[in-house]
Structures are given as C-alpha cells and as structure tokens.
Amino acid sequence: MIGRLSGVLLEKNPPHLLVDCGGVGYEVGVPMSTFYNLPAIGEKVVLLTHLTVREDAHILFGFGSAEERNVFKELIKISGVGARTALSILSGMSVADLAQAITLQEAGRLTRVPGIGKKTAERLLLELKGKLGADLGAAPGAVHGDATSDVLNALLALGYSDKEAMLAMKQVAAGSSVSDGIKTALKALSKA
C-alpha cells in the first residue's frame, strides 16, 4: 500500500498530477481543494495517498491533509459512491462543509455537487451520520436541533452564501427560537 508520496511535482492537469519520486513518476488524482494548494511545477510536494486496486487498474489518489484522506475513505465505503464521486464531493465542498451538512442533515447542500443526485445525497447523510461531523453541533455559540437547520435554511433562502450564513450562525445563542435566531443572524450580517 502506498500511503504517502514525497517528490518533485512534474505536471498539473486537473484533477491529475505527476509526481517524480526517485526517478519514478506517479500519476495521482487529487480533489480540487488539494490541487489549489499545490506548489509550482518543479517544486517538492508531499501528499498523503490512497491506492485503489481494481481488476483493470491501480489508481492512486492524493490528499493535502489526513482529514481529507479519512473522509475520502469513509465516502468510498458507501454503496454507490466510487472514488471519482468521492473526489467530486471533496472538490465541491470542504471537509468542514460536508461535516456540517451531515450534522444538519441537509441533502440540498450535497446535491449542489456535480454528480450527486437526491438519492445519493440521502444515502450519504444516512451512512455518514455519526461518523463525520458528529461533534460539530457542539461548537460554541451554535444553535442546536431543528432550529439550527431552519435558521440556516432561512438565511440561504434569503440569498446569503453558505459562508456568510455560517458566520452569522456563530452569533446565535444556543437554544434560541427560529425567529430569534433569524433576527440575531440578520443583525450580524448587517454589521458585516
């Protein structure tokens, strides 16, 4: 099993890289989150990897962090989610965003990722519940339960981005009602 590559970056053709490790060039598929953080061609690169062995191919996937690789491994365990789909998910949303969508059980955020339909999104939410992002709801200042999802969905419906809505949610006190949570979040957004 190849768990880590350290070498010189030879080529960058999204989503694939070519990394020279001691004279051997490894072709590696990476999510766009890792791709955007790569050094320039000719510079040293270190990637954590996962090797997928199929009947017709051995495919190497690389990640910039252990967290990304762990999420990738959890994703490919799910029936109907292959390595390419898992890469697409990690390219379409950060690990933190994915964990939050799972914690709040928001299939809509997952269906925004190309290649993820409603049924796959629901399967992801079901399979990953308790495995990914379970402690996210315990973040300081976060509203808990159904109110969190309702306030967040209200902000998204008003046209705020996921990032803006999540920053505003940090200002909402735990246990707030939906209407109080929306008011507090909107006040926070108006000050930003």
# chains A, B, ... in the order shown; residues from 1 in each chain; ligands from 1
$ residues_around --residues "Ala165 (chain A)" --least-positions-apart "6" --cutoff "9 Å" --atoms "only C-alpha atoms" --output "ChimeraX atom specification"
/A:151-153,155-156,185,189
$ residues_around --residues "Val30 (chain A)" --least-positions-apart "6" --cutoff "8 Å" --atoms "only C-alpha atoms" --output "PDB file with N, CA and C atoms, in the first residue's frame"
ATOM      1  N   PRO A  14      -5.568  19.220 -13.944  1.00  0.00           N
ATOM      2  CA  PRO A  14      -6.682  18.902 -13.049  1.00  0.00           C
ATOM      3  C   PRO A  14      -7.549  17.768 -13.567  1.00  0.00           C
ATOM      4  N   PRO A  15      -7.885  16.811 -12.754  1.00  0.00           N
ATOM      5  CA  PRO A  15      -7.530  16.619 -11.349  1.00  0.00           C
ATOM      6  C   PRO A  15      -6.315  15.710 -11.150  1.00  0.00           C
ATOM      7  N   HIS A  16      -5.465  15.586 -12.165  1.00  0.00           N
ATOM      8  CA  HIS A  16      -4.324  14.673 -12.071  1.00  0.00           C
ATOM      9  C   HIS A  16      -2.996  15.403 -11.941  1.00  0.00           C
ATOM     10  N   LEU A  17      -2.078  14.749 -11.239  1.00  0.00           N
ATOM     11  CA  LEU A  17      -0.717  15.247 -11.069  1.00  0.00           C
ATOM     12  C   LEU A  17       0.246  14.153 -11.490  1.00  0.00           C
ATOM     13  N   PHE A  61      -4.726   8.064  -5.369  1.00  0.00           N
ATOM     14  CA  PHE A  61      -5.359   9.337  -5.053  1.00  0.00           C
ATOM     15  C   PHE A  61      -4.525  10.039  -3.983  1.00  0.00           C
ATOM     16  N   GLY A  62      -4.366  11.347  -4.119  1.00  0.00           N
ATOM     17  CA  GLY A  62      -3.549  12.107  -3.178  1.00  0.00           C
ATOM     18  C   GLY A  62      -4.341  13.193  -2.484  1.00  0.00           C
ATOM     19  N   PHE A  63      -3.899  13.515  -1.256  1.00  0.00           N
ATOM     20  CA  PHE A  63      -4.605  14.497  -0.431  1.00  0.00           C
ATOM     21  C   PHE A  63      -3.610  15.359   0.318  1.00  0.00           C
ATOM     22  N   LEU A  87     -14.034  12.005  -4.937  1.00  0.00           N
ATOM     23  CA  LEU A  87     -13.185  13.148  -5.326  1.00  0.00           C
ATOM     24  C   LEU A  87     -14.040  14.348  -5.698  1.00  0.00           C
TER      25      LEU A  87
END
$ residues_around --residues "region 118-123 of chain A" --least-positions-apart "3" --cutoff "9 Å" --atoms "only C-alpha atoms" --output "count of residues only"
14
$ closest_residue --among "A:Leu186, A:Met32, A:Ile2, A:Val45" --to "Leu18 (chain A)" --atoms "only C-alpha atoms"
A:Val45
$ select_by_dssp --residues "region 38-158 of chain A" --states "helix (DSSP H, G or I)" --output "ChimeraX atom specification"
/A:66-76,83-92,95-103,107-111,118-128,136-138,146-157
$ select_by_dssp --residues "region 22-57 of chain A" --states "strand (DSSP E)" --output "list in words"
Val24, Gly25, Tyr26, Glu27, Val28, Gly29, Lys44, Val45, Val46, Leu47, Leu48, Thr49, His50, Leu51, Thr52 and Val53 of chain A
$ closest_residue --among "A:Gly117, A:Gly175, A:Gly23, A:Gly130" --to "Thr103 (chain A)" --atoms "only C-alpha atoms"
A:Gly130
$ closest_residue --among "A:Gln100, A:Ser161, A:Thr85, A:Ser94" --to "Ile116 (chain A)" --atoms "only C-alpha atoms"
A:Thr85
$ closest_residue --among "A:Gly3, A:Gly159, A:Gly181, A:Gly115" --to "Arg69 (chain A)" --atoms "only C-alpha atoms"
A:Gly3
$ closest_residue --among "A:Lys170, A:Lys12, A:Lys191, A:Arg54" --to "Asn37 (chain A)" --atoms "only C-alpha atoms"
A:Lys12
$ residues_around --residues "Val24 (chain A)" --least-positions-apart "2" --cutoff "12 Å" --atoms "only C-alpha atoms" --output "ChimeraX atom specification"
/A:5-10,18-22,26-27
$ write_last_selection --atoms "N, CA and C atoms" --output "compact mmCIF listing (two decimals), in the first residue's frame"
# COMPACT_ATOMS: atom_id res chain seq x y z
N LEU A 5 3.42 10.10 -0.68
CA LEU A 5 4.38 10.39 -1.74
C LEU A 5 5.10 11.69 -1.41
N SER A 6 6.40 11.68 -1.59
CA SER A 6 7.19 12.88 -1.42
C SER A 6 8.13 12.96 -2.62
N GLY A 7 8.00 14.01 -3.39
CA GLY A 7 8.83 14.12 -4.58
C GLY A 7 8.66 15.47 -5.25
N VAL A 8 9.05 15.52 -6.51
CA VAL A 8 9.01 16.75 -7.29
C VAL A 8 7.76 16.73 -8.17
N LEU A 9 7.02 17.81 -8.15
CA LEU A 9 5.82 17.94 -8.97
C LEU A 9 6.22 18.20 -10.42
N LEU A 10 5.88 17.26 -11.32
CA LEU A 10 6.25 17.38 -12.72
C LEU A 10 5.15 17.98 -13.59
N LEU A 18 1.46 14.56 -11.79
CA LEU A 18 2.54 13.61 -12.00
C LEU A 18 3.64 14.01 -11.03
N VAL A 19 3.97 13.09 -10.13
CA VAL A 19 4.96 13.35 -9.09
C VAL A 19 6.14 12.40 -9.27
N ASP A 20 7.35 12.97 -9.39
CA ASP A 20 8.58 12.19 -9.54
C ASP A 20 9.12 11.86 -8.16
N CYS A 21 9.14 10.59 -7.84
CA CYS A 21 9.67 10.12 -6.56
C CYS A 21 10.86 9.20 -6.85
N GLY A 22 12.06 9.75 -6.77
CA GLY A 22 13.27 8.95 -7.00
C GLY A 22 13.35 8.37 -8.40
N TYR A 26 4.69 9.06 -10.52
CA TYR A 26 3.40 8.55 -10.08
C TYR A 26 2.30 9.49 -10.55
N GLU A 27 1.29 8.94 -11.22
CA GLU A 27 0.13 9.72 -11.59
C GLU A 27 -0.85 9.64 -10.43
$ atom_distance --atom1 "CA of Lys44 (chain A)" --atom2 "CA of Gly25 (chain A)"
13.3 Å
$ atom_distance --atom1 "CA of Val178 (chain A)" --atom2 "CA of Thr148 (chain A)"
7.6 Å
$ residues_around --residues "Glu74 (chain A)" --least-positions-apart "2" --cutoff "12 Å" --atoms "only C-alpha atoms" --output "number ranges by chain"
A: 50, 67-72, 76-79, 81-83, 86-87, 89-90, 95, 99, 124, 127-132
$ write_last_selection --atoms "N, CA and C atoms" --output "CSV table (one decimal), in the first residue's frame"
chain,number,residue,atom,x,y,z
A,50,HIS,N,-4.0,7.3,-1.2
A,50,HIS,CA,-4.9,6.1,-1.0
A,50,HIS,C,-4.8,5.4,-2.4
A,67,GLU,N,-7.1,14.6,7.2
A,67,GLU,CA,-8.6,14.8,7.3
A,67,GLU,C,-9.3,14.5,6.0
A,68,GLU,N,-8.8,15.1,4.9
A,68,GLU,CA,-9.3,14.8,3.6
A,68,GLU,C,-9.2,13.3,3.2
A,69,ARG,N,-8.1,12.7,3.5
A,69,ARG,CA,-7.9,11.3,3.1
A,69,ARG,C,-8.9,10.5,3.9
A,70,ASN,N,-9.1,10.8,5.2
A,70,ASN,CA,-10.0,10.0,6.0
A,70,ASN,C,-11.4,10.1,5.6
A,71,VAL,N,-11.8,11.3,5.2
A,71,VAL,CA,-13.2,11.5,4.6
A,71,VAL,C,-13.4,10.7,3.3
A,72,PHE,N,-12.3,10.8,2.5
A,72,PHE,CA,-12.4,10.0,1.2
A,72,PHE,C,-12.6,8.5,1.5
A,76,ILE,N,-15.9,6.3,0.2
A,76,ILE,CA,-15.8,5.1,-0.8
A,76,ILE,C,-16.3,3.8,-0.2
A,77,LYS,N,-16.5,3.8,1.1
A,77,LYS,CA,-17.2,2.7,1.8
A,77,LYS,C,-18.7,2.6,1.5
A,78,ILE,N,-19.2,3.7,1.1
A,78,ILE,CA,-20.7,3.8,0.9
A,78,ILE,C,-21.0,3.2,-0.5
A,79,SER,N,-22.0,2.3,-0.5
A,79,SER,CA,-22.5,1.7,-1.7
A,79,SER,C,-23.0,2.7,-2.7
A,81,VAL,N,-21.0,4.9,-4.1
A,81,VAL,CA,-20.1,6.1,-4.1
A,81,VAL,C,-18.7,5.5,-4.4
A,82,GLY,N,-18.2,5.8,-5.6
A,82,GLY,CA,-16.9,5.3,-6.0
A,82,GLY,C,-15.9,6.4,-5.7
A,83,ALA,N,-14.6,6.1,-6.1
A,83,ALA,CA,-13.5,7.0,-5.9
A,83,ALA,C,-13.7,8.3,-6.6
A,86,ALA,N,-16.3,10.4,-4.8
A,86,ALA,CA,-15.7,10.9,-3.6
A,86,ALA,C,-14.8,12.1,-3.9
A,87,LEU,N,-14.0,12.0,-4.9
A,87,LEU,CA,-13.2,13.1,-5.3
A,87,LEU,C,-14.0,14.3,-5.7
A,89,ILE,N,-17.0,15.1,-4.6
A,89,ILE,CA,-17.6,15.6,-3.3
A,89,ILE,C,-16.5,16.5,-2.6
A,90,LEU,N,-15.3,16.0,-2.5
A,90,LEU,CA,-14.2,16.8,-1.8
A,90,LEU,C,-13.8,18.0,-2.7
A,95,VAL,N,-14.2,19.7,3.8
A,95,VAL,CA,-14.5,18.7,4.8
A,95,VAL,C,-15.4,19.3,5.9
A,99,ALA,N,-19.1,17.9,6.7
A,99,ALA,CA,-19.4,17.5,8.1
A,99,ALA,C,-20.7,18.3,8.6
A,124,LEU,N,-25.7,9.3,1.5
A,124,LEU,CA,-24.6,9.9,2.2
A,124,LEU,C,-24.9,10.4,3.6
A,127,GLU,N,-25.6,7.2,5.8
A,127,GLU,CA,-24.4,6.4,6.1
A,127,GLU,C,-23.3,7.1,6.9
A,128,LEU,N,-23.2,8.4,6.7
A,128,LEU,CA,-22.1,9.2,7.4
A,128,LEU,C,-22.6,9.8,8.7
A,129,LYS,N,-23.9,9.7,9.0
A,129,LYS,CA,-24.3,10.3,10.3
A,129,LYS,C,-23.7,9.6,11.5
A,130,GLY,N,-23.1,10.3,12.3
A,130,GLY,CA,-22.4,9.7,13.5
A,130,GLY,C,-20.9,9.4,13.2
A,131,LYS,N,-20.5,9.4,11.9
A,131,LYS,CA,-19.1,9.1,11.5
A,131,LYS,C,-18.4,10.4,11.2
A,132,LEU,N,-19.1,11.4,10.7
A,132,LEU,CA,-18.5,12.6,10.3
A,132,LEU,C,-19.2,13.8,10.8
$ atom_distance --atom1 "CA of Ser65 (chain A)" --atom2 "CA of Met169 (chain A)"
26.7 Å
